[in-house]
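run-v2.cif follows; it contains mmCIF, C-alpha atoms and all ligand atoms; chains and numbers go by the auth columns.
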```cif
data_structure
loop_
_atom_site.group_PDB
_atom_site.id
_atom_site.type_symbol
_atom_site.label_atom_id
_atom_site.label_comp_id
_atom_site.label_asym_id
_atom_site.label_seq_id
_atom_site.Cartn_x
_atom_site.Cartn_y
_atom_site.Cartn_z
_atom_site.B_iso_or_equiv
_atom_site.auth_seq_id
_atom_site.auth_asym_id
ATOM 1 C CA MET A 1 -87.223 -56.074 -38.753 0.00 168 A
ATOM 2 C CA ARG A 2 -87.974 -53.385 -41.293 0.00 169 A
ATOM 3 C CA ALA A 3 -89.697 -50.136 -40.384 0.00 170 A
ATOM 4 C CA HIS A 4 -92.210 -50.638 -43.227 0.00 171 A
ATOM 5 C CA PRO A 5 -93.997 -53.586 -44.857 0.00 172 A
ATOM 6 C CA GLY A 6 -92.514 -52.874 -48.312 0.00 173 A
ATOM 7 C CA LEU A 7 -89.130 -53.496 -49.854 0.00 174 A
ATOM 8 C CA PHE A 8 -86.808 -50.670 -50.872 0.00 175 A
ATOM 9 C CA ILE A 9 -84.141 -51.606 -53.424 0.00 176 A
ATOM 10 C CA THR A 10 -81.741 -49.078 -54.930 0.00 177 A
ATOM 11 C CA PHE A 11 -79.319 -49.325 -57.841 0.00 178 A
ATOM 12 C CA GLU A 12 -76.102 -47.345 -57.737 0.00 179 A
ATOM 13 C CA GLY A 13 -73.038 -46.985 -59.909 0.00 180 A
ATOM 14 C CA GLY A 14 -71.246 -44.683 -62.273 0.00 181 A
ATOM 15 C CA ASP A 15 -72.898 -43.188 -65.328 0.00 182 A
ATOM 16 C CA GLY A 16 -73.286 -45.882 -67.983 0.00 183 A
ATOM 17 C CA SER A 17 -72.998 -48.835 -65.576 0.00 184 A
ATOM 18 C CA GLY A 18 -76.334 -50.379 -66.609 0.00 185 A
ATOM 19 C CA LYS A 19 -78.490 -49.454 -63.596 0.00 186 A
ATOM 20 C CA THR A 20 -81.611 -48.764 -65.634 0.00 187 A
ATOM 21 C CA THR A 21 -81.403 -52.065 -67.532 0.00 188 A
ATOM 22 C CA GLN A 22 -80.964 -54.056 -64.325 0.00 189 A
ATOM 23 C CA SER A 23 -83.667 -52.244 -62.373 0.00 190 A
ATOM 24 C CA ARG A 24 -86.164 -52.694 -65.235 0.00 191 A
ATOM 25 C CA LEU A 25 -85.420 -56.413 -65.470 0.00 192 A
ATOM 26 C CA LEU A 26 -85.849 -56.792 -61.724 0.00 193 A
ATOM 27 C CA SER A 27 -89.108 -54.833 -61.768 0.00 194 A
ATOM 28 C CA GLY A 28 -90.479 -57.060 -64.534 0.00 195 A
ATOM 29 C CA TRP A 29 -89.529 -60.237 -62.684 0.00 196 A
ATOM 30 C CA LEU A 30 -91.086 -59.124 -59.404 0.00 197 A
ATOM 31 C CA ALA A 31 -94.234 -57.927 -61.179 0.00 198 A
ATOM 32 C CA ASP A 32 -94.507 -61.347 -62.861 0.00 199 A
ATOM 33 C CA LEU A 33 -94.306 -62.886 -59.395 0.00 200 A
ATOM 34 C CA GLY A 34 -97.360 -60.849 -58.478 0.00 201 A
ATOM 35 C CA ARG A 35 -95.686 -58.035 -56.542 0.00 202 A
ATOM 36 C CA THR A 36 -96.772 -54.443 -56.829 0.00 203 A
ATOM 37 C CA VAL A 37 -93.648 -52.671 -58.020 0.00 204 A
ATOM 38 C CA LEU A 38 -92.937 -48.966 -58.192 0.00 205 A
ATOM 39 C CA GLY A 39 -90.074 -47.915 -60.466 0.00 206 A
ATOM 40 C CA ALA A 40 -88.478 -44.723 -59.185 0.00 207 A
ATOM 41 C CA ARG A 41 -85.448 -42.551 -59.764 0.00 208 A
ATOM 42 C CA GLU A 42 -83.571 -39.588 -58.348 0.00 209 A
ATOM 43 C CA PRO A 43 -83.182 -36.866 -59.295 0.00 210 A
ATOM 44 C CA GLY A 44 -86.511 -36.227 -60.992 0.00 211 A
ATOM 45 C CA GLY A 45 -88.998 -38.711 -59.513 0.00 212 A
ATOM 46 C CA THR A 46 -91.712 -36.093 -58.942 0.00 213 A
ATOM 47 C CA GLU A 47 -93.040 -33.022 -60.764 0.00 214 A
ATOM 48 C CA LEU A 48 -90.988 -30.753 -58.524 0.00 215 A
ATOM 49 C CA GLY A 49 -88.074 -33.149 -58.920 0.00 216 A
ATOM 50 C CA ALA A 50 -88.239 -32.878 -62.719 0.00 217 A
ATOM 51 C CA GLU A 51 -87.692 -29.123 -62.390 0.00 218 A
ATOM 52 C CA LEU A 52 -84.842 -29.633 -59.928 0.00 219 A
ATOM 53 C CA ARG A 53 -83.308 -32.275 -62.226 0.00 220 A
ATOM 54 C CA GLU A 54 -83.327 -29.821 -65.125 0.00 221 A
ATOM 55 C CA ILE A 55 -81.558 -27.223 -62.977 0.00 222 A
ATOM 56 C CA VAL A 56 -78.980 -29.511 -61.411 0.00 223 A
ATOM 57 C CA LEU A 57 -78.094 -31.409 -64.593 0.00 224 A
ATOM 58 C CA HIS A 58 -78.611 -28.941 -67.404 0.00 225 A
ATOM 59 C CA ARG A 59 -78.495 -25.373 -66.110 0.00 226 A
ATOM 60 C CA ARG A 60 -75.715 -23.410 -67.796 0.00 227 A
ATOM 61 C CA GLY A 61 -73.065 -21.833 -65.623 0.00 228 A
ATOM 62 C CA TYR A 62 -71.523 -22.528 -62.255 0.00 229 A
ATOM 63 C CA ILE A 63 -73.458 -24.103 -59.392 0.00 230 A
ATOM 64 C CA ALA A 64 -71.606 -24.024 -56.060 0.00 231 A
ATOM 65 C CA PRO A 65 -70.968 -27.587 -54.763 0.00 232 A
ATOM 66 C CA ARG A 66 -72.991 -27.033 -51.574 0.00 233 A
ATOM 67 C CA ALA A 67 -75.881 -25.635 -53.627 0.00 234 A
ATOM 68 C CA GLU A 68 -75.683 -28.735 -55.837 0.00 235 A
ATOM 69 C CA ALA A 69 -75.778 -30.977 -52.738 0.00 236 A
ATOM 70 C CA LEU A 70 -78.830 -29.115 -51.445 0.00 237 A
ATOM 71 C CA LEU A 71 -80.636 -29.392 -54.790 0.00 238 A
ATOM 72 C CA TYR A 72 -80.213 -33.185 -54.734 0.00 239 A
ATOM 73 C CA ALA A 73 -81.289 -33.224 -51.078 0.00 240 A
ATOM 74 C CA ALA A 74 -84.385 -31.145 -51.881 0.00 241 A
ATOM 75 C CA ASP A 75 -85.316 -33.527 -54.699 0.00 242 A
ATOM 76 C CA ARG A 76 -84.826 -36.464 -52.304 0.00 243 A
ATOM 77 C CA ALA A 77 -86.840 -34.973 -49.448 0.00 244 A
ATOM 78 C CA HIS A 78 -89.854 -34.347 -51.681 0.00 245 A
ATOM 79 C CA HIS A 79 -89.610 -37.680 -53.501 0.00 246 A
ATOM 80 C CA ILE A 80 -89.228 -39.820 -50.390 0.00 247 A
ATOM 81 C CA THR A 81 -92.053 -38.071 -48.533 0.00 248 A
ATOM 82 C CA THR A 82 -94.584 -37.932 -51.359 0.00 249 A
ATOM 83 C CA VAL A 83 -93.812 -41.090 -53.380 0.00 250 A
ATOM 84 C CA VAL A 84 -91.511 -43.652 -51.769 0.00 251 A
ATOM 85 C CA ARG A 85 -92.690 -43.756 -48.143 0.00 252 A
ATOM 86 C CA PRO A 86 -96.381 -44.024 -49.094 0.00 253 A
ATOM 87 C CA ALA A 87 -95.573 -46.908 -51.489 0.00 254 A
ATOM 88 C CA LEU A 88 -93.503 -48.721 -48.845 0.00 255 A
ATOM 89 C CA ALA A 89 -96.283 -48.199 -46.310 0.00 256 A
ATOM 90 C CA ARG A 90 -98.677 -49.902 -48.765 0.00 257 A
ATOM 91 C CA GLY A 91 -96.300 -52.878 -48.827 0.00 258 A
ATOM 92 C CA GLU A 92 -95.030 -52.244 -52.353 0.00 259 A
ATOM 93 C CA VAL A 93 -91.581 -52.947 -53.733 0.00 260 A
ATOM 94 C CA VAL A 94 -89.807 -49.713 -54.672 0.00 261 A
ATOM 95 C CA ILE A 95 -86.978 -50.153 -57.164 0.00 262 A
ATOM 96 C CA GLN A 96 -85.036 -46.961 -57.523 0.00 263 A
ATOM 97 C CA ASP A 97 -82.184 -45.737 -59.719 0.00 264 A
ATOM 98 C CA ARG A 98 -79.857 -43.746 -57.441 0.00 265 A
ATOM 99 C CA TYR A 99 -80.389 -42.634 -53.877 0.00 266 A
ATOM 100 C CA LEU A 100 -78.342 -41.204 -51.041 0.00 267 A
ATOM 101 C CA ASP A 101 -75.189 -43.167 -51.901 0.00 268 A
ATOM 102 C CA SER A 102 -75.083 -41.147 -55.149 0.00 269 A
ATOM 103 C CA SER A 103 -74.903 -37.954 -53.111 0.00 270 A
ATOM 104 C CA VAL A 104 -72.151 -39.311 -50.871 0.00 271 A
ATOM 105 C CA ALA A 105 -70.152 -40.485 -53.910 0.00 272 A
ATOM 106 C CA TYR A 106 -70.741 -37.551 -56.295 0.00 273 A
ATOM 107 C CA GLN A 107 -71.063 -34.565 -53.949 0.00 274 A
ATOM 108 C CA GLY A 108 -69.076 -35.988 -51.016 0.00 275 A
ATOM 109 C CA ALA A 109 -66.157 -37.517 -52.938 0.00 276 A
ATOM 110 C CA GLY A 110 -66.553 -36.124 -56.469 0.00 277 A
ATOM 111 C CA ARG A 111 -67.021 -32.503 -55.362 0.00 278 A
ATOM 112 C CA VAL A 112 -64.773 -33.075 -52.343 0.00 279 A
ATOM 113 C CA LEU A 113 -67.370 -32.025 -49.782 0.00 280 A
ATOM 114 C CA ASP A 114 -67.310 -33.998 -46.526 0.00 281 A
ATOM 115 C CA PRO A 115 -68.898 -37.433 -47.277 0.00 282 A
ATOM 116 C CA ALA A 116 -70.087 -37.808 -43.664 0.00 283 A
ATOM 117 C CA GLU A 117 -71.831 -34.432 -43.797 0.00 284 A
ATOM 118 C CA ILE A 118 -73.424 -35.275 -47.143 0.00 285 A
ATOM 119 C CA ARG A 119 -74.700 -38.564 -45.761 0.00 286 A
ATOM 120 C CA ALA A 120 -76.124 -36.753 -42.733 0.00 287 A
ATOM 121 C CA LEU A 121 -77.786 -34.184 -45.021 0.00 288 A
ATOM 122 C CA SER A 122 -79.362 -36.932 -47.141 0.00 289 A
ATOM 123 C CA LEU A 123 -80.558 -38.850 -44.106 0.00 290 A
ATOM 124 C CA TRP A 124 -82.085 -35.654 -42.743 0.00 291 A
ATOM 125 C CA ALA A 125 -83.815 -35.057 -46.089 0.00 292 A
ATOM 126 C CA ALA A 126 -85.161 -38.619 -46.173 0.00 293 A
ATOM 127 C CA GLU A 127 -85.955 -38.779 -42.441 0.00 294 A
ATOM 128 C CA GLY A 128 -83.493 -41.623 -41.978 0.00 295 A
ATOM 129 C CA LEU A 129 -84.795 -43.981 -44.662 0.00 296 A
ATOM 130 C CA LEU A 130 -82.147 -46.483 -45.791 0.00 297 A
ATOM 131 C CA PRO A 131 -82.643 -49.072 -48.562 0.00 298 A
ATOM 132 C CA ASP A 132 -83.130 -52.743 -47.679 0.00 299 A
ATOM 133 C CA LEU A 133 -80.775 -53.600 -50.527 0.00 300 A
ATOM 134 C CA THR A 134 -78.418 -51.505 -52.635 0.00 301 A
ATOM 135 C CA VAL A 135 -76.974 -53.026 -55.801 0.00 302 A
ATOM 136 C CA LEU A 136 -73.710 -51.366 -56.770 0.00 303 A
ATOM 137 C CA LEU A 137 -72.838 -51.887 -60.427 0.00 304 A
ATOM 138 C CA ASP A 138 -69.122 -51.304 -60.350 0.00 305 A
ATOM 139 C CA LEU A 139 -67.578 -50.316 -63.640 0.00 306 A
ATOM 140 C CA ASP A 140 -63.849 -49.923 -64.143 0.00 307 A
ATOM 141 C CA GLU A 141 -62.749 -46.550 -65.439 0.00 308 A
ATOM 142 C CA THR A 142 -61.889 -47.638 -68.976 0.00 309 A
ATOM 143 C CA HIS A 143 -65.278 -49.225 -69.571 0.00 310 A
ATOM 144 C CA GLY A 144 -67.120 -46.385 -67.844 0.00 311 A
ATOM 145 C CA ARG A 145 -65.385 -43.754 -69.916 0.00 312 A
ATOM 146 C CA ALA A 146 -65.974 -45.661 -73.157 0.00 313 A
ATOM 147 C CA ARG A 147 -69.701 -45.967 -72.456 0.00 314 A
ATOM 148 C CA LEU A 148 -69.869 -42.316 -71.483 0.00 315 A
ATOM 149 C CA ASP A 149 -67.938 -41.151 -74.526 0.00 316 A
ATOM 150 C CA ALA A 150 -70.431 -42.916 -76.783 0.00 317 A
ATOM 151 C CA ALA A 151 -72.967 -40.311 -75.594 0.00 318 A
ATOM 152 C CA ARG A 152 -70.547 -37.381 -75.393 0.00 319 A
ATOM 153 C CA ASP A 153 -72.835 -34.926 -77.200 0.00 320 A
ATOM 154 C CA ARG A 154 -75.551 -35.493 -74.596 0.00 321 A
ATOM 155 C CA TYR A 155 -73.384 -35.111 -71.473 0.00 322 A
ATOM 156 C CA ASP A 156 -75.024 -33.576 -68.426 0.00 323 A
ATOM 157 C CA ARG A 157 -73.094 -31.433 -65.915 0.00 324 A
ATOM 158 C CA LEU A 158 -71.891 -34.422 -63.894 0.00 325 A
ATOM 159 C CA GLU A 159 -71.035 -36.665 -66.812 0.00 326 A
ATOM 160 C CA ALA A 160 -68.917 -33.883 -68.276 0.00 327 A
ATOM 161 C CA GLU A 161 -66.584 -33.940 -65.253 0.00 328 A
ATOM 162 C CA GLU A 162 -62.995 -35.090 -65.773 0.00 329 A
ATOM 163 C CA SER A 163 -61.943 -38.701 -65.254 0.00 330 A
ATOM 164 C CA GLU A 164 -60.394 -38.020 -61.805 0.00 331 A
ATOM 165 C CA PHE A 165 -63.852 -36.949 -60.616 0.00 332 A
ATOM 166 C CA HIS A 166 -65.324 -40.253 -61.797 0.00 333 A
ATOM 167 C CA ALA A 167 -62.429 -42.175 -60.238 0.00 334 A
ATOM 168 C CA ARG A 168 -63.204 -40.536 -56.869 0.00 335 A
ATOM 169 C CA VAL A 169 -66.881 -41.423 -57.286 0.00 336 A
ATOM 170 C CA ARG A 170 -66.026 -45.061 -57.964 0.00 337 A
ATOM 171 C CA ARG A 171 -63.668 -45.316 -54.962 0.00 338 A
ATOM 172 C CA ALA A 172 -66.288 -43.744 -52.702 0.00 339 A
ATOM 173 C CA TYR A 173 -68.929 -46.245 -53.836 0.00 340 A
ATOM 174 C CA LEU A 174 -66.607 -49.168 -53.094 0.00 341 A
ATOM 175 C CA GLU A 175 -65.835 -47.747 -49.647 0.00 342 A
ATOM 176 C CA LEU A 176 -69.535 -47.324 -48.909 0.00 343 A
ATOM 177 C CA ALA A 177 -70.179 -50.925 -49.914 0.00 344 A
ATOM 178 C CA ALA A 178 -67.297 -52.188 -47.768 0.00 345 A
ATOM 179 C CA ALA A 179 -68.658 -50.255 -44.776 0.00 346 A
ATOM 180 C CA GLU A 180 -72.169 -51.744 -45.118 0.00 347 A
ATOM 181 C CA PRO A 181 -71.763 -55.241 -46.584 0.00 348 A
ATOM 182 C CA LYS A 182 -75.218 -56.340 -45.396 0.00 349 A
ATOM 183 C CA ARG A 183 -76.977 -53.618 -47.367 0.00 350 A
ATOM 184 C CA PHE A 184 -74.813 -53.735 -50.503 0.00 351 A
ATOM 185 C CA LEU A 185 -74.452 -56.238 -53.315 0.00 352 A
ATOM 186 C CA VAL A 186 -71.429 -55.291 -55.426 0.00 353 A
ATOM 187 C CA LEU A 187 -71.330 -56.615 -58.988 0.00 354 A
ATOM 188 C CA ASP A 188 -68.828 -56.152 -61.794 0.00 355 A
ATOM 189 C CA ALA A 189 -70.885 -54.178 -64.311 0.00 356 A
ATOM 190 C CA GLY A 190 -68.755 -55.555 -67.152 0.00 357 A
ATOM 191 C CA ARG A 191 -70.406 -58.991 -66.773 0.00 358 A
ATOM 192 C CA PRO A 192 -73.218 -60.038 -69.148 0.00 359 A
ATOM 193 C CA VAL A 193 -76.632 -58.531 -68.421 0.00 360 A
ATOM 194 C CA ASP A 194 -78.316 -61.882 -67.690 0.00 361 A
ATOM 195 C CA GLU A 195 -75.587 -62.991 -65.259 0.00 362 A
ATOM 196 C CA LEU A 196 -75.896 -59.724 -63.368 0.00 363 A
ATOM 197 C CA GLN A 197 -79.662 -60.039 -63.225 0.00 364 A
ATOM 198 C CA ALA A 198 -79.408 -63.615 -61.917 0.00 365 A
ATOM 199 C CA ALA A 199 -77.144 -62.409 -59.092 0.00 366 A
ATOM 200 C CA VAL A 200 -79.546 -59.601 -58.213 0.00 367 A
ATOM 201 C CA ARG A 201 -82.549 -61.952 -58.141 0.00 368 A
ATOM 202 C CA GLU A 202 -80.664 -64.398 -55.933 0.00 369 A
ATOM 203 C CA ARG A 203 -80.025 -61.660 -53.383 0.00 370 A
ATOM 204 C CA VAL A 204 -83.642 -60.467 -53.501 0.00 371 A
ATOM 205 C CA ARG A 205 -84.788 -64.068 -52.904 0.00 372 A
ATOM 206 C CA MET A 206 -82.529 -64.173 -49.837 0.00 373 A
ATOM 207 C CA LEU A 207 -84.074 -60.966 -48.508 0.00 374 A
ATOM 208 C CA ASP A 208 -87.537 -62.461 -48.890 0.00 375 A
ATOM 209 C CA ALA A 209 -86.462 -65.683 -47.229 0.00 376 A
ATOM 210 C CA VAL A 210 -85.400 -63.691 -44.173 0.00 377 A
ATOM 211 C CA SER A 211 -88.408 -61.391 -43.913 0.00 378 A
ATOM 212 C CA GLY A 212 -91.187 -62.934 -45.999 0.00 379 A
ATOM 213 C CA PRO A 213 -92.829 -61.579 -49.162 0.00 380 A
ATOM 214 C CA HIS A 214 -93.733 -57.914 -49.317 0.00 381 A
ATOM 215 C CA ALA A 215 -96.481 -57.544 -51.854 0.00 382 A
HETATM 216 P P1 LIG B . -78.931 -40.265 -64.256 0.00 401 B
HETATM 217 O O1 LIG B . -80.342 -40.110 -63.821 0.00 401 B
HETATM 218 O O2 LIG B . -78.763 -40.317 -65.713 0.00 401 B
HETATM 219 O O3 LIG B . -78.197 -41.318 -63.520 0.00 401 B
HETATM 220 O O4 LIG B . -78.190 -38.863 -63.937 0.00 401 B
HETATM 221 C C1 LIG B . -78.168 -38.291 -62.718 0.00 401 B
HETATM 222 C C2 LIG B . -76.842 -37.622 -62.501 0.00 401 B
HETATM 223 O O5 LIG B . -76.881 -36.965 -61.241 0.00 401 B
HETATM 224 C C3 LIG B . -75.661 -38.592 -62.448 0.00 401 B
HETATM 225 O O6 LIG B . -74.554 -38.051 -63.137 0.00 401 B
HETATM 226 C C4 LIG B . -75.331 -38.674 -60.980 0.00 401 B
HETATM 227 C C5 LIG B . -75.821 -37.381 -60.421 0.00 401 B
HETATM 228 N N1 LIG B . -76.270 -37.443 -59.041 0.00 401 B
HETATM 229 C C6 LIG B . -75.546 -36.785 -58.060 0.00 401 B
HETATM 230 O O7 LIG B . -74.515 -36.193 -58.350 0.00 401 B
HETATM 231 N N2 LIG B . -76.012 -36.824 -56.772 0.00 401 B
HETATM 232 C C7 LIG B . -77.171 -37.449 -56.410 0.00 401 B
HETATM 233 O O8 LIG B . -77.551 -37.447 -55.238 0.00 401 B
HETATM 234 C C8 LIG B . -77.921 -38.121 -57.452 0.00 401 B
HETATM 235 C C9 LIG B . -79.195 -38.823 -57.088 0.00 401 B
HETATM 236 C C10 LIG B . -77.434 -38.094 -58.741 0.00 401 B
#
```

Would you put the structure from the file into structure tokens?
Ligand code: TMP
Amino acid sequence: MRAHPGLFITFEGGDGSGKTTQSRLLSGWLADLGRTVLGAREPGGTELGAELREIVLHRRGYIAPRAEALLYAADRAHHITTVVRPALARGEVVIQDRYLDSSVAYQGAGRVLDPAEIRALSLWAAEGLLPDLTVLLDLDETHGRARLDAARDRYDRLEAEESEFHARVRRAYLELAAAEPKRFLVLDAGRPVDELQAAVRERVRMLDAVSGPHA
């Protein structure tokens, strides 16, 4: 049983793995089925979050790793309380690009902070809210780097990190998915867009079959 009448679906994966494309396609499909869908993202899903996003992704100069983790947590706390929980309470489907698994992978593994502490921090920020489904779009390093390099001139602070950082992020994501197989759907992001979307829809149908529609 879920703690809310809505459905909370998150998309995770490295930069350039196709999260936005897949979440938009899923949103469109569910809306066509008559669901009320809220598209969301972190960081930057609120007015305050937009300011925090600008700082954490584009501020010049050094930001201490723990400060970075707290900025993402602050964005999350405000977003979940003011946007996501109210939508879930109304029975809506929230489809979100990035959530706490991003913090565990990027700050926990990428920045080499303690992943368990980062998870605890995120859960504190979000008052324990976990997604009903998390789609991990797993991209091998060569493809990830190639997609990233295509946008090299627009790199943000995280994208500009060296390839070992991104390799740690990818490993952490795969470990998270292995630890919570019920919550995660792991897909090879190199597959065609329509095949990936079909796999996502199949899993969402299964969720509905277990708990009934949520619109
Ligand atoms: P995006 O919105 O283009 O995916 O960019 C957000 C960047 O922020 C991306 O490089 C991943 C990073 N990030 C973290 O490091 N920790 C987090 O908790 C979140 C949500 C994102």

Shortest contact to ligand LIG 401 (chain B), candidates A:Val223, A:Ala292, A:Ala346, A:Ala365, atoms counted all atoms listed in the file, goes to A:Val223

Kindly provide, as a list in words, all nucleotide and amino acid residues lying within 6 Å of ligand LIG 401 (chain B), counting all atoms listed in the file. Asp182, Glu209, Pro210, Tyr239, Arg265, Tyr266, Leu267, Ser269, Ser270, Tyr273, Gln274, Leu325 and Glu326 of chain A

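Applied to the file shown here, the PyMOL selection byres (((chain A and resi 328-343) around 8) and not hetatm) selects Gly180, Gly181, Asp268, Val271, Ala272, Tyr273, Ala276, Gly277, Arg278, Leu303, Asp305, Leu306, Glu308, Arg312, Arg324, Leu325, Glu326, Ala327, Ala344, Ala345, Ala346 and Glu347 of chain A.
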
Would you pick out the contacts of Leu215 (chain A) at 8 Å or less, using all atoms listed in the file, so that residues sharing its chain but fewer than 4 positions from it are not included, and give the list as a PyMOL selection string? chain A and resi 211+219+242+245

Expand the PyMOL selection byres (((chain A and resi 248-261) around 7) and not hetatm) into the explicit residue set it covers here, and present it as an NGL selection string. :A and (171-176 or 203-207 or 244-247 or 262-263 or 381-382)

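Closest approach to Val371 (chain A) among A:Ala198, A:Leu237, A:Ala217, A:Leu193 is made by A:Leu193 (distances from only C-alpha atoms).
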
What are the centre and edge lengths in Å, to one decimal, of the axis-aligned box around all listed atoms of region 285-288 of chain A with 3 Å added on each side, as lines of an AutoDock Vina configuration file?
```
center_x = -75.6
center_y = -36.4
center_z = -44.9
size_x = 10.4
size_y = 10.4
size_z = 10.4
```

Any idea what the distance is between CA of Gly195 (chain A) and CA of Pro348 (chain A)? 26.0 Å

Using all atoms listed in the file, the residue out of A:Asp264, A:Gly201, A:Leu224, A:Thr177 with shortest distance to Tyr322 (chain A) is A:Leu224

So the first atom is CA of Leu200 (chain A) and the second is CA of Asp375 (chain A); what is the distance between them in Å, to one decimal place? 12.5 Å

Just so the selection is clear, what residues does the PyMOL selection byres (((chain A and resi 351) around 6) and not hetatm) cover here, as a list in words? Leu300, Thr301, Val302, Ala344, Pro348, Lys349, Arg350 and Leu352 of chain A

Taking the partial coordinates given, rebuild region 341-347 of chain A to contain all heavy atoms; return it as a compact mmCIF listing (two decimals), in the coordinates of the input.
```txt
# COMPACT_ATOMS: atom_id res chain seq x y z
N LEU A 341 -67.18 -47.91 -53.60
CA LEU A 341 -66.61 -49.17 -53.09
C LEU A 341 -66.39 -49.09 -51.59
O LEU A 341 -66.61 -50.07 -50.86
CB LEU A 341 -65.32 -49.51 -53.85
CG LEU A 341 -65.53 -49.91 -55.32
CD1 LEU A 341 -64.20 -50.02 -56.06
CD2 LEU A 341 -66.32 -51.23 -55.43
N GLU A 342 -66.01 -47.91 -51.10
CA GLU A 342 -65.83 -47.75 -49.65
C GLU A 342 -67.18 -47.85 -48.92
O GLU A 342 -67.28 -48.46 -47.86
CB GLU A 342 -65.19 -46.38 -49.34
CG GLU A 342 -63.69 -46.38 -49.63
CD GLU A 342 -63.09 -44.97 -49.59
OE1 GLU A 342 -63.72 -44.06 -48.99
OE2 GLU A 342 -62.02 -44.79 -50.19
N LEU A 343 -68.20 -47.25 -49.51
CA LEU A 343 -69.54 -47.32 -48.91
C LEU A 343 -69.99 -48.78 -48.81
O LEU A 343 -70.53 -49.21 -47.80
CB LEU A 343 -70.54 -46.54 -49.75
CG LEU A 343 -70.50 -45.02 -49.61
CD1 LEU A 343 -71.34 -44.36 -50.70
CD2 LEU A 343 -71.02 -44.62 -48.23
N ALA A 344 -69.75 -49.52 -49.89
CA ALA A 344 -70.18 -50.92 -49.91
C ALA A 344 -69.40 -51.74 -48.88
O ALA A 344 -69.96 -52.60 -48.20
CB ALA A 344 -69.98 -51.50 -51.31
N ALA A 345 -68.12 -51.45 -48.74
CA ALA A 345 -67.30 -52.19 -47.77
C ALA A 345 -67.76 -51.88 -46.35
O ALA A 345 -67.71 -52.75 -45.47
CB ALA A 345 -65.83 -51.83 -47.95
N ALA A 346 -68.24 -50.65 -46.12
CA ALA A 346 -68.66 -50.26 -44.78
C ALA A 346 -70.01 -50.86 -44.40
O ALA A 346 -70.34 -50.99 -43.22
CB ALA A 346 -68.73 -48.73 -44.68
N GLU A 347 -70.84 -51.19 -45.41
CA GLU A 347 -72.17 -51.74 -45.12
C GLU A 347 -72.42 -52.99 -45.97
O GLU A 347 -73.30 -52.99 -46.84
CB GLU A 347 -73.25 -50.70 -45.45
CG GLU A 347 -73.42 -49.63 -44.40
CD GLU A 347 -74.55 -48.67 -44.79
OE1 GLU A 347 -75.72 -49.00 -44.53
OE2 GLU A 347 -74.25 -47.64 -45.38
```
